[in-house]
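**Q** My structure is below; once you've seen it, I'll send some questions.
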Amino acid sequence: MLVQVALPVPLYRVFDYRIDAGNTLPQIGCRVQVPFGRQTLIGIVVAHVPLADSSIPPEKLKTIKQAVDHDPIIDPKLLSLAQWLARYYHYPLGDVFAVMLPTLIRQGKPLDLLITHWRIKPNVTDDDFHPSAHKQKQQFDMLKLHGKRGASEEVLLMEGMERPFLQRLEEKGLIEHYIEEKAPPAQVSLARMPLDLHHEQQVAVTRILKAHQDKCYTGFLLNGITGSGKTEVYLQVMQPILEAGKQVLILVPEIGLTPQTRARFASRFAGNMVMLHSGMSNTHRMQGWQDCRTGHAQIIIGTRSSILYPFADLGLIIVDEAHDASYKQQDTLRYQAADVALYRGVQHQIPVILGTATPTLEHLHLVDEGKLVECTLLTRAGRAKPAPMQLIDARLESTHYQNSQDGTRYDTGLTDKLLTAIRQTLEAGEQVLIFLNRRGYAPILLCGACGWQADCPRCDAHLTVHHTQGAERSSYLKCHHCDWQAYIPAACPDCGSQNLDARGMGTTRLSDNLHAIFGNPQTSKQTYPIIQIDRDTTRRKDSWEKIYQQISQGKPAILVGTQMVAKGHHFPSVTLVCLPNADRGFLSADFRSPEHTAQLMIQVAGRAGRGDKAGRVLIQTLQPENPLLLKLVKDGYLSFARQLLAERKLMGLPPYRHAALVRCEGKALSQTTQALRAAIAILPAKHQLAVLGPIDAPMTKKNSRYHSQLLLLAKDRAHLHQCLSHWWPQVLGLSESKYLRLSLDVDPAGW
Ligand SMILES: Nc1ncnc2c1ncn2[C@@H]1O[C@H](COP(=O)(O)OP(=O)(O)OP(=O)(O)O)[C@@H](O)[C@H]1O
Ligand SMILES: [Zn+2]
């Protein structure tokens with residue numbers, strides 16, 4: 001027998017290896033070390049095949065160097081998940097594992113690395129060392145510091161101990177290693193009583209638990225307006241499933257942004273909870289992986305990639321804020337975690353909940369097709385009422401504010417109506433949230449004399465003006481796409497004029513101006529804090545936590561934030577939400593832009609009036625007659641989404657057709673376009689696909705590289721995949737593709 005091994009190389013195949021006579025055949029799902037060209041690689045055994053079936057002549061077959069694992073670390077379900085991902089996203093199986101597995105596992109580290117402990121043997125003293133064995137004695141002393149129990153190998157290596165010395169000391173009988181087994185987890189118990197469910201919540205919980213009792217897969221769309229209490233539904237569905245000894249996986253968009261997420265689950269249940277996210281160290285990640293695999297982790301809260309973890313006994317998957325863009329991976333294996341969640345639900349025969357107030361058109365379409373069961377929550381939980389939305393026409397309004405005391409004028413970008421509403425809210429002791437999806441001071445630096453604009457030399461984009469206050473006060477220009485930075489010129493590089501003007505409004509500028517109006521004790525009697533929330537102000541560790549705590553105190557304040565504020569936060573004191581210009585996205589060329597714009601607007605609006613006091617939402621717009629905007633405000637998100645669906649159907653766009661986007665990146669646009677033309681030329685005859693392109697990508701030049709793209713649309717998904725599986729490897733092998741970067745994105749999030 002031979003073993004077939006998936007290796008982390010960008011080739012669409014697995015590799016056959018022999019086993020040395022006398023060695024046992026490594027089981028499927030074990031890691032093995034193999035020679036590959038001049039390198040040694042670590043791969044996963046995915047099959048056993050008879051020697052006669054190999055396509056490689058026997059004399060050319062190489063032998064595996066060694067087996068890394070004794071027992072499989074990849075169970076059959078995880079293996080078939082990997083194989084499905086490879087097929088569905090047309091990505092090499094070995095590379096799928098490279099995305100799936102934590103770094104230390106890929107590097108071949110033993111799984112018991114974390115639990116192997118070392119300690120000094122009883123009765124061993126300093127006298128047992130020969131005076132000349134300095135190094136050994138020094139290493140021994142390091143271990144001695146840890147007392148009788150010793151410490152884990154991982155900790156000791158981190159402290160500077162060396163593995164060969166551990167082994168030598170062990171051989172000499174001075175120290176010993178032991179495995180510290182984790183005790184099996186106790187049954188999860190309730191730490192706090194559940195709330196009384198309102199009727200709609202009760203209906204949803206009962207329906208979802210029925211699927212659990214029937215031990216079968218059902219995908220649920222929990223379509224509940226903002227503040228309707230979706231989390232309480234999750235918690236009450238989880239309870240019997242956890243009590244039955246099963247694991248629950250909760251996917252969330254970004255853990256760092258919702259510090260209360262952990263608290264909400266931890267305060268309800270006493271059990272082993274694990275958080276999985278991108279900020280973890282390699283050892284933490286491996287520990288988390290292992291805990292999910294062994295069943296030690298009972299409640300797992302994680303971001304996108306946790307859907308690729310192994311689970312001992314999974315009973316439920318929840319995808320919170322299922323519409324969120326962060327569930328789609330945008331490079332390497334371009335998977336959509338909510339879709340993978342549904343696949344895993346089928347695999348494990350368990351319920352999957354996609355919870356959101358703004359379902360994607362894809363998910364609504366799945367409901368129409370009978371592939372998802374919809375549960376709706378139309379009322380807000382507790383005493384909170386939905387906040388009404390109102391449009392403010394900004395076309396003929398001034399957005400300048402003149403301070404009555406010192407006469408200074410500021411352009412706030414906010415109309416008087418908005419400013420008045422803000423003042424009233426603050427005076428009533430409540431909080432205001434202003435959503436502005438642009439960080440920095442101003443998006444454009446413009447020469448008033450000749451019209452020159454500061455552009456990024458590497459991208460098709462303007463440079464953003466940044467002014468930072470405080471100790472590190474500085475001003476500079478920055479590209480938000482490639483991070484290019486430059487000084488602000490003293491004069492226009494084209495005409496020499498000093499009349500350089502920062503145009504437009506970013507969060508820093510808006511915060512500064514609001515501070516001058518509402519936060520300056522010299523100009524106003526009553527002052528209020530202005531809290532800026534964006535990537536710049538939350539970059540530092542703990543800074544978001546501090547901001548969060550300040551907001552949670554509930555004192556009157558103005559919060560100015562980017563899309564970060566849209567992610568499921570619960571700020572009960574916010575009663576006014578302002579969206580100046582949030583509707584700009586309705587004008588974009590991307591067919592998904594209206595959908596995403598509406599989701600963002602509704603999510604931000606959903607932060608208003610979540611507590612006892614009623615809320616309201618003011619949308620300031622320059623296009624008050626835009627039919628999309630009017631539809632959203634008058635009829636609400638679902639009706640808006642239904643209209644978009646009808647349009648997509650008419651135009652033959654997803655979800656009515658299945659899409660794959662080919663992107664090509666290179667040093668010259670002529671090359672990238674050429675390669676895509678060559679790719680079209682080798683599409684199978686009678687392919688029945690709609691082929692759109694090649695066209696220049698929306699941002700053609702990015703980071704000094706040029707981008708073209710090609711969209712393929714198919715009525716039938718199986719047909720699309722059949723075409724792609726033959727065609728795509730051929731495209732990668734084209735002579736025109738040499739030196740270019742090509743990628744295939746199945747179910748792309750945009751174009
Ligand atoms: N049955 C209930 N009775 C009383 N209060 C409830 C009930 N269900 C939920 N709540 C409370 O309502 C508030 C909003 O709930 P939650 O945050 O779960 O809403 P959500 O649907 O997740 O909203 P969003 O989509 O905006 O994140 C919370 O403070 C929660 O404790
Ligand atoms: Zn740039």
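By order of appearance in the structure tokens: chains A, B, ..., then residues from 1 within every chain, and ligands from 1 in the order shown.
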Neighbours of ligand 1 at 6 Å or closer, counting only C-alpha atoms and all ligand atoms: which residues, as a CSV table (one decimal) with N, CA and C atoms, in the first residue's frame?
**A**
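Wrote selection-v4.csv, looks like this:
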chain,number,residue,atom,x,y,z
A,195,LEU,N,-34.3,34.7,30.8
A,195,LEU,CA,-35.4,35.7,30.8
A,195,LEU,C,-36.7,35.0,30.4
A,196,ASP,N,-37.9,35.6,30.7
A,196,ASP,CA,-39.1,35.1,30.1
A,196,ASP,C,-39.2,35.5,28.7
A,197,LEU,N,-39.3,34.5,27.8
A,197,LEU,CA,-39.3,34.9,26.4
A,197,LEU,C,-40.6,35.6,26.0
A,198,HIS,N,-40.5,36.5,25.0
A,198,HIS,CA,-41.7,37.0,24.5
A,198,HIS,C,-42.2,36.0,23.4
A,224,GLY,N,-34.6,38.8,12.9
A,224,GLY,CA,-35.1,39.6,14.0
A,224,GLY,C,-34.6,41.0,14.0
A,226,THR,N,-33.4,44.8,14.9
A,226,THR,CA,-32.4,45.1,15.9
A,226,THR,C,-33.0,45.3,17.3
A,227,GLY,N,-32.4,44.7,18.2
A,227,GLY,CA,-32.9,44.8,19.6
A,227,GLY,C,-34.1,43.9,19.9
A,228,SER,N,-34.3,42.9,19.0
A,228,SER,CA,-35.5,42.0,19.3
A,228,SER,C,-35.2,40.9,20.2
A,229,GLY,N,-33.9,40.8,20.6
A,229,GLY,CA,-33.5,39.7,21.6
A,229,GLY,C,-33.1,38.4,20.9
A,230,LYS,N,-32.3,38.5,19.9
A,230,LYS,CA,-31.9,37.3,19.2
A,230,LYS,C,-30.9,36.5,20.1
A,231,THR,N,-30.1,37.2,20.9
A,231,THR,CA,-29.2,36.6,21.8
A,231,THR,C,-29.9,35.7,22.8
A,232,GLU,N,-31.0,36.2,23.3
A,232,GLU,CA,-31.8,35.4,24.3
A,232,GLU,C,-32.3,34.1,23.6
A,356,THR,N,-29.8,37.6,12.2
A,356,THR,CA,-29.5,38.9,11.7
A,356,THR,C,-30.8,39.8,11.6
A,357,ALA,N,-30.6,41.1,11.7
A,357,ALA,CA,-31.7,42.0,11.4
A,357,ALA,C,-31.8,42.4,10.0
A,381,ALA,N,-37.4,43.6,22.2
A,381,ALA,CA,-37.6,42.9,23.5
A,381,ALA,C,-37.7,43.9,24.6
A,382,GLY,N,-38.2,43.5,25.7
A,382,GLY,CA,-38.3,44.4,26.9
A,382,GLY,C,-39.3,45.5,26.6
A,568,GLY,N,-23.6,45.2,16.3
A,568,GLY,CA,-24.3,44.6,17.4
A,568,GLY,C,-24.1,45.1,18.8
A,570,HIS,N,-24.8,47.2,22.2
A,570,HIS,CA,-26.0,47.5,23.0
A,570,HIS,C,-25.6,48.7,23.9
A,606,GLY,N,-30.2,50.8,14.3
A,606,GLY,CA,-30.6,49.9,15.3
A,606,GLY,C,-30.0,50.1,16.7
**Q** I want to know what sits within 10 Å of stretch 438-453 of chain A, based on only C-alpha atoms, with residues of the same chain fewer than 2 positions away left out; could you give that as a PyMOL selection string?
**A** chain A and resi 435-436+455-456+461-468+475-480+488-489+491-512+532-537+561-563
**Q** Those residues you just picked out, can you put them in a file as a short mmCIF file (atom, residue, chain, number, x, y, z; two decimals), in the first residue's frame with N, CA and C atoms?
**A**
data_model
loop_
_atom_site.label_atom_id
_atom_site.label_comp_id
_atom_site.auth_asym_id
_atom_site.auth_seq_id
_atom_site.Cartn_x
_atom_site.Cartn_y
_atom_site.Cartn_z
N PHE A 435 -22.86 58.54 12.68
CA PHE A 435 -22.16 57.55 11.87
C PHE A 435 -21.52 58.24 10.66
N LEU A 436 -20.21 58.10 10.55
CA LEU A 436 -19.50 58.69 9.41
C LEU A 436 -18.45 57.66 8.99
N ASP A 455 -2.76 62.66 -4.54
CA ASP A 455 -3.12 61.28 -4.86
C ASP A 455 -2.03 60.32 -4.43
N CYS A 456 -2.42 59.07 -4.21
CA CYS A 456 -1.42 58.07 -3.86
C CYS A 456 -0.63 57.70 -5.11
N ALA A 461 -6.21 56.32 -5.92
CA ALA A 461 -6.96 56.79 -4.76
C ALA A 461 -6.38 58.10 -4.26
N HIS A 462 -7.24 58.92 -3.65
CA HIS A 462 -6.76 60.13 -2.99
C HIS A 462 -6.08 59.76 -1.69
N LEU A 463 -5.17 60.64 -1.27
CA LEU A 463 -4.58 60.46 0.05
C LEU A 463 -5.48 61.17 1.06
N THR A 464 -5.64 60.56 2.21
CA THR A 464 -6.47 61.16 3.27
C THR A 464 -5.61 62.05 4.15
N VAL A 465 -6.16 63.20 4.52
CA VAL A 465 -5.45 64.11 5.42
C VAL A 465 -5.69 63.62 6.85
N HIS A 466 -4.59 63.47 7.61
CA HIS A 466 -4.71 63.08 9.02
C HIS A 466 -4.11 64.17 9.91
N HIS A 467 -4.83 64.53 10.95
CA HIS A 467 -4.27 65.40 12.00
C HIS A 467 -4.47 64.66 13.29
N THR A 468 -3.41 64.42 14.03
CA THR A 468 -3.63 63.79 15.33
C THR A 468 -3.34 64.81 16.42
N SER A 475 0.63 65.98 11.54
CA SER A 475 -0.23 66.06 10.36
C SER A 475 0.47 65.36 9.21
N TYR A 476 -0.25 64.56 8.49
CA TYR A 476 0.35 63.85 7.37
C TYR A 476 -0.73 63.37 6.41
N LEU A 477 -0.28 62.89 5.24
CA LEU A 477 -1.19 62.33 4.26
C LEU A 477 -1.02 60.82 4.27
N LYS A 478 -2.11 60.09 4.07
CA LYS A 478 -2.00 58.65 4.11
C LYS A 478 -2.96 57.98 3.14
N CYS A 479 -2.49 56.93 2.48
CA CYS A 479 -3.36 56.15 1.60
C CYS A 479 -4.02 55.05 2.43
N HIS A 480 -5.33 54.97 2.37
CA HIS A 480 -6.04 53.95 3.17
C HIS A 480 -6.06 52.59 2.48
N ILE A 488 2.44 66.74 4.47
CA ILE A 488 1.54 67.66 3.79
C ILE A 488 2.41 68.76 3.17
N PRO A 489 2.36 68.94 1.85
CA PRO A 489 3.23 69.93 1.23
C PRO A 489 2.86 71.35 1.67
N ALA A 491 3.22 73.95 -0.23
CA ALA A 491 2.63 74.61 -1.40
C ALA A 491 2.25 73.55 -2.42
N CYS A 492 1.40 73.93 -3.35
CA CYS A 492 0.96 72.97 -4.37
C CYS A 492 2.15 72.57 -5.25
N PRO A 493 2.42 71.27 -5.40
CA PRO A 493 3.56 70.84 -6.21
C PRO A 493 3.39 71.20 -7.69
N ASP A 494 2.18 71.48 -8.15
CA ASP A 494 1.96 71.81 -9.56
C ASP A 494 2.11 73.30 -9.83
N CYS A 495 1.44 74.15 -9.02
CA CYS A 495 1.44 75.58 -9.36
C CYS A 495 2.09 76.44 -8.30
N GLY A 496 2.48 75.86 -7.18
CA GLY A 496 3.19 76.65 -6.16
C GLY A 496 2.28 77.44 -5.24
N SER A 497 0.97 77.41 -5.49
CA SER A 497 0.05 78.16 -4.64
C SER A 497 0.05 77.58 -3.22
N GLN A 498 -0.13 78.48 -2.24
CA GLN A 498 -0.18 77.98 -0.86
C GLN A 498 -1.61 77.76 -0.40
N ASN A 499 -2.50 77.92 -1.35
CA ASN A 499 -3.92 77.81 -1.06
C ASN A 499 -4.37 76.34 -1.08
N LEU A 500 -3.81 75.54 -0.15
CA LEU A 500 -4.17 74.12 -0.10
C LEU A 500 -5.29 73.92 0.91
N ASP A 501 -6.28 73.15 0.52
CA ASP A 501 -7.50 73.08 1.29
C ASP A 501 -7.88 71.63 1.56
N ALA A 502 -8.14 71.30 2.82
CA ALA A 502 -8.64 69.95 3.14
C ALA A 502 -10.13 69.94 2.87
N ARG A 503 -10.60 69.05 1.99
CA ARG A 503 -12.01 69.01 1.62
C ARG A 503 -12.68 67.76 2.16
N GLY A 504 -13.92 67.93 2.53
CA GLY A 504 -14.69 66.77 2.98
C GLY A 504 -14.49 66.52 4.48
N MET A 505 -15.21 65.56 4.97
CA MET A 505 -15.29 65.38 6.42
C MET A 505 -14.92 63.96 6.82
N GLY A 506 -13.91 63.84 7.66
CA GLY A 506 -13.59 62.54 8.25
C GLY A 506 -13.96 62.57 9.73
N THR A 507 -13.83 61.45 10.39
CA THR A 507 -14.26 61.38 11.80
C THR A 507 -13.47 62.34 12.71
N THR A 508 -12.16 62.54 12.41
CA THR A 508 -11.37 63.43 13.26
C THR A 508 -11.87 64.87 13.13
N ARG A 509 -12.12 65.28 11.88
CA ARG A 509 -12.56 66.66 11.67
C ARG A 509 -13.93 66.89 12.30
N LEU A 510 -14.83 65.93 12.10
CA LEU A 510 -16.17 66.07 12.67
C LEU A 510 -16.08 66.13 14.20
N SER A 511 -15.23 65.28 14.78
CA SER A 511 -15.09 65.29 16.24
C SER A 511 -14.53 66.63 16.71
N ASP A 512 -13.52 67.15 15.99
CA ASP A 512 -12.94 68.44 16.36
C ASP A 512 -14.00 69.54 16.33
N GLN A 532 -14.60 59.69 19.73
CA GLN A 532 -14.36 59.26 18.35
C GLN A 532 -14.05 57.76 18.34
N ILE A 533 -14.77 57.01 17.51
CA ILE A 533 -14.60 55.55 17.49
C ILE A 533 -14.25 55.11 16.08
N ASP A 534 -12.99 54.86 15.81
CA ASP A 534 -12.61 54.31 14.51
C ASP A 534 -11.31 53.54 14.69
N ARG A 535 -10.76 53.04 13.61
CA ARG A 535 -9.58 52.21 13.73
C ARG A 535 -8.41 52.99 14.31
N ASP A 536 -8.37 54.32 14.05
CA ASP A 536 -7.25 55.12 14.56
C ASP A 536 -7.32 55.29 16.08
N THR A 537 -8.55 55.45 16.61
CA THR A 537 -8.64 55.69 18.06
C THR A 537 -8.70 54.39 18.87
N GLY A 561 -18.59 57.67 14.97
CA GLY A 561 -17.93 56.41 14.64
C GLY A 561 -18.10 55.95 13.22
N THR A 562 -17.16 55.12 12.78
CA THR A 562 -17.23 54.47 11.47
C THR A 562 -18.06 53.20 11.61
N GLN A 563 -18.00 52.33 10.60
CA GLN A 563 -18.82 51.10 10.62
C GLN A 563 -18.56 50.23 11.85
#
**Q** I need the residue nearest A:Asp75 from this list: A:Asn282, A:His90, A:Val233, A:Thr294. Use only C-alpha atoms for the distance.
**A**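 Looking only at the distances to A:Asp75, the closest residue turns out to be A:Thr294.
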**Q** Neighbours of ligand 2 within 6 Å, counting only C-alpha atoms and all ligand atoms, as a CSV table (one decimal) with N, CA and C atoms, in the first residue's frame?
**A**
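Just written: result32.csv:
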chain,number,residue,atom,x,y,z
A,456,CYS,N,-2.4,59.1,-4.2
A,456,CYS,CA,-1.4,58.1,-3.9
A,456,CYS,C,-0.6,57.7,-5.1
A,458,ARG,N,0.8,55.1,-5.6
A,458,ARG,CA,0.8,53.6,-5.9
A,458,ARG,C,-0.6,53.1,-6.2
A,459,CYS,N,-1.6,53.9,-5.9
A,459,CYS,CA,-3.0,53.5,-6.0
A,459,CYS,C,-3.8,54.5,-6.8
A,479,CYS,N,-2.5,56.9,2.5
A,479,CYS,CA,-3.4,56.2,1.6
A,479,CYS,C,-4.0,55.1,2.4
A,481,HIS,N,-5.4,52.5,1.3
A,481,HIS,CA,-5.4,51.2,0.6
A,481,HIS,C,-4.1,50.5,0.7
A,482,CYS,N,-3.0,51.3,0.7
A,482,CYS,CA,-1.6,50.7,0.7
A,482,CYS,C,-0.8,51.2,1.9
A,484,TRP,N,0.6,54.1,2.2
A,484,TRP,CA,1.6,55.1,1.8
A,484,TRP,C,1.4,56.3,2.6
A,703,ASN,N,-1.4,49.5,-4.8
A,703,ASN,CA,-0.1,49.1,-4.4
A,703,ASN,C,0.9,48.9,-5.5
**Q** Near A:Arg705, within 10 Å and counting only C-alpha atoms, which residues show up once chain neighbours fewer than 6 positions away are dropped, as number ranges by chain?
**A** A: 458-459, 664-669
**Q** Please list as a PDB file with N, CA and C atoms, in the first residue's frame every residue within 9 Å of A:His658, counting only C-alpha atoms and excluding residues in the same chain fewer than 2 positions away.
**A**
ATOM      1  N   LEU A 653     -28.634  38.258 -12.023  1.00  0.00           N
ATOM      2  CA  LEU A 653     -27.475  38.364 -11.133  1.00  0.00           C
ATOM      3  C   LEU A 653     -27.670  37.465  -9.908  1.00  0.00           C
ATOM      4  N   PRO A 654     -26.594  37.199  -9.155  1.00  0.00           N
ATOM      5  CA  PRO A 654     -26.759  36.399  -7.927  1.00  0.00           C
ATOM      6  C   PRO A 654     -27.826  37.026  -7.037  1.00  0.00           C
ATOM      7  N   PRO A 655     -28.583  36.254  -6.291  1.00  0.00           N
ATOM      8  CA  PRO A 655     -28.488  34.798  -6.117  1.00  0.00           C
ATOM      9  C   PRO A 655     -29.228  33.981  -7.188  1.00  0.00           C
ATOM     10  N   TYR A 656     -29.729  34.634  -8.242  1.00  0.00           N
ATOM     11  CA  TYR A 656     -30.452  33.867  -9.270  1.00  0.00           C
ATOM     12  C   TYR A 656     -29.497  33.192 -10.243  1.00  0.00           C
ATOM     13  N   ALA A 660     -18.669  33.383 -10.288  1.00  0.00           N
ATOM     14  CA  ALA A 660     -17.259  33.174  -9.946  1.00  0.00           C
ATOM     15  C   ALA A 660     -16.500  34.338 -10.562  1.00  0.00           C
ATOM     16  N   LEU A 712     -17.896  35.316 -14.219  1.00  0.00           N
ATOM     17  CA  LEU A 712     -18.607  34.218 -14.878  1.00  0.00           C
ATOM     18  C   LEU A 712     -19.905  33.973 -14.124  1.00  0.00           C
ATOM     19  N   LEU A 713     -20.994  33.861 -14.876  1.00  0.00           N
ATOM     20  CA  LEU A 713     -22.291  33.625 -14.246  1.00  0.00           C
ATOM     21  C   LEU A 713     -22.925  32.382 -14.864  1.00  0.00           C
ATOM     22  N   ALA A 714     -23.498  31.548 -13.988  1.00  0.00           N
ATOM     23  CA  ALA A 714     -24.117  30.326 -14.495  1.00  0.00           C
ATOM     24  C   ALA A 714     -25.488  30.140 -13.870  1.00  0.00           C
ATOM     25  N   LYS A 715     -26.419  29.603 -14.638  1.00  0.00           N
ATOM     26  CA  LYS A 715     -27.767  29.340 -14.087  1.00  0.00           C
ATOM     27  C   LYS A 715     -27.701  28.175 -13.115  1.00  0.00           C
ATOM     28  N   ASP A 716     -26.845  27.228 -13.451  1.00  0.00           N
ATOM     29  CA  ASP A 716     -26.808  25.993 -12.692  1.00  0.00           C
ATOM     30  C   ASP A 716     -25.476  25.869 -11.960  1.00  0.00           C
ATOM     31  N   ARG A 717     -25.551  25.674 -10.638  1.00  0.00           N
ATOM     32  CA  ARG A 717     -24.312  25.654  -9.860  1.00  0.00           C
ATOM     33  C   ARG A 717     -23.421  24.477 -10.238  1.00  0.00           C
ATOM     34  N   LEU A 720     -21.544  25.209 -13.314  1.00  0.00           N
ATOM     35  CA  LEU A 720     -20.434  26.142 -13.086  1.00  0.00           C
ATOM     36  C   LEU A 720     -19.215  25.398 -12.545  1.00  0.00           C
ATOM     37  N   VAL A 746     -15.175  32.118  -5.761  1.00  0.00           N
ATOM     38  CA  VAL A 746     -16.511  31.556  -5.952  1.00  0.00           C
ATOM     39  C   VAL A 746     -17.460  32.270  -4.988  1.00  0.00           C
ATOM     40  N   ASP A 747     -18.620  32.668  -5.455  1.00  0.00           N
ATOM     41  CA  ASP A 747     -19.561  33.491  -4.678  1.00  0.00           C
ATOM     42  C   ASP A 747     -18.867  34.761  -4.165  1.00  0.00           C
TER      43      ASP A 747
END
**Q** To one decimal place, how far is atom CA of A:Val49 from atom CA of A:Ile19 in Å?
**A** 11.8 Å
**Q** Residues within 12 Å of A:Glu59, please, as a compact mmCIF listing (two decimals) with N, CA and C atoms, in the first residue's frame. Count only C-alpha atoms; anything in the same chain fewer than 6 positions from it doesn't count.
**A**
# COMPACT_ATOMS: atom_id res chain seq x y z
N TYR A 17 3.32 8.22 -1.74
CA TYR A 17 4.58 7.87 -1.08
C TYR A 17 4.53 6.43 -0.60
N ARG A 18 5.71 5.82 -0.62
CA ARG A 18 5.85 4.47 -0.06
C ARG A 18 6.12 4.53 1.43
N LEU A 51 -0.25 -0.12 -4.55
CA LEU A 51 0.89 0.28 -5.37
C LEU A 51 0.53 0.29 -6.86
**Q** Extract, using only C-alpha atoms, all DNA, RNA and protein residues at most 9 Å from stretch 634-644 of chain A, discarding same-chain residues fewer than 4 positions from it, and format them as a ChimeraX atom specification.
**A** /A:357-361,364,389,594-595,598-599,602,628-630,648-649
**Q** Just want the 6 Å neighbourhood of A:Arg268, counted on only C-alpha atoms, with same-chain residues fewer than 2 positions away dropped. Output as a compact mmCIF listing (two decimals) with C-alpha atoms, in the first residue's frame.
**A**
# COMPACT_ATOMS: atom_id res chain seq x y z
CA LEU A 190 -27.04 27.41 34.31
CA ALA A 191 -25.35 30.23 36.19
CA ARG A 192 -28.30 32.57 35.94
CA PHE A 265 -22.61 33.87 27.43
CA ALA A 266 -20.39 33.46 30.47
**Q** What does the distance from atom CA of A:Gln431 to atom CA of A:Leu378 come to in Å, to one decimal?
**A**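 Going from atom CA of A:Gln431 over to atom CA of A:Leu378, I get 25.2 Å.
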**Q** Find the distance between atom CA of A:Thr527 and atom CA of A:Thr399 and write it in Å to one decimal.
**A**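 Taking atom CA of A:Thr527 as the start and atom CA of A:Thr399 as the end point, the length is 21.2 Å.
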**Q** Within stretch 356-417 of chain A, find each residue whose DSSP state, derived from the backbone, is alpha helix (DSSP H), and express the selection as a short mmCIF file (atom, residue, chain, number, x, y, z; two decimals) with C-alpha atoms, in the first residue's frame.
**A**
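To be explicit, this is the file written out as states14.cif:
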data_model
loop_
_atom_site.label_atom_id
_atom_site.label_comp_id
_atom_site.auth_asym_id
_atom_site.auth_seq_id
_atom_site.Cartn_x
_atom_site.Cartn_y
_atom_site.Cartn_z
CA LEU A 361 -30.29 38.48 -0.43
CA GLU A 362 -28.65 35.05 -0.65
CA HIS A 363 -30.18 33.99 2.65
CA LEU A 364 -33.62 35.32 1.72
CA HIS A 365 -33.38 33.42 -1.53
CA LEU A 366 -32.54 30.23 0.37
CA VAL A 367 -35.72 30.78 2.41
CA ASP A 368 -37.69 31.12 -0.85
CA ASP A 416 -29.09 73.04 11.75
CA LYS A 417 -31.89 70.52 12.15
#
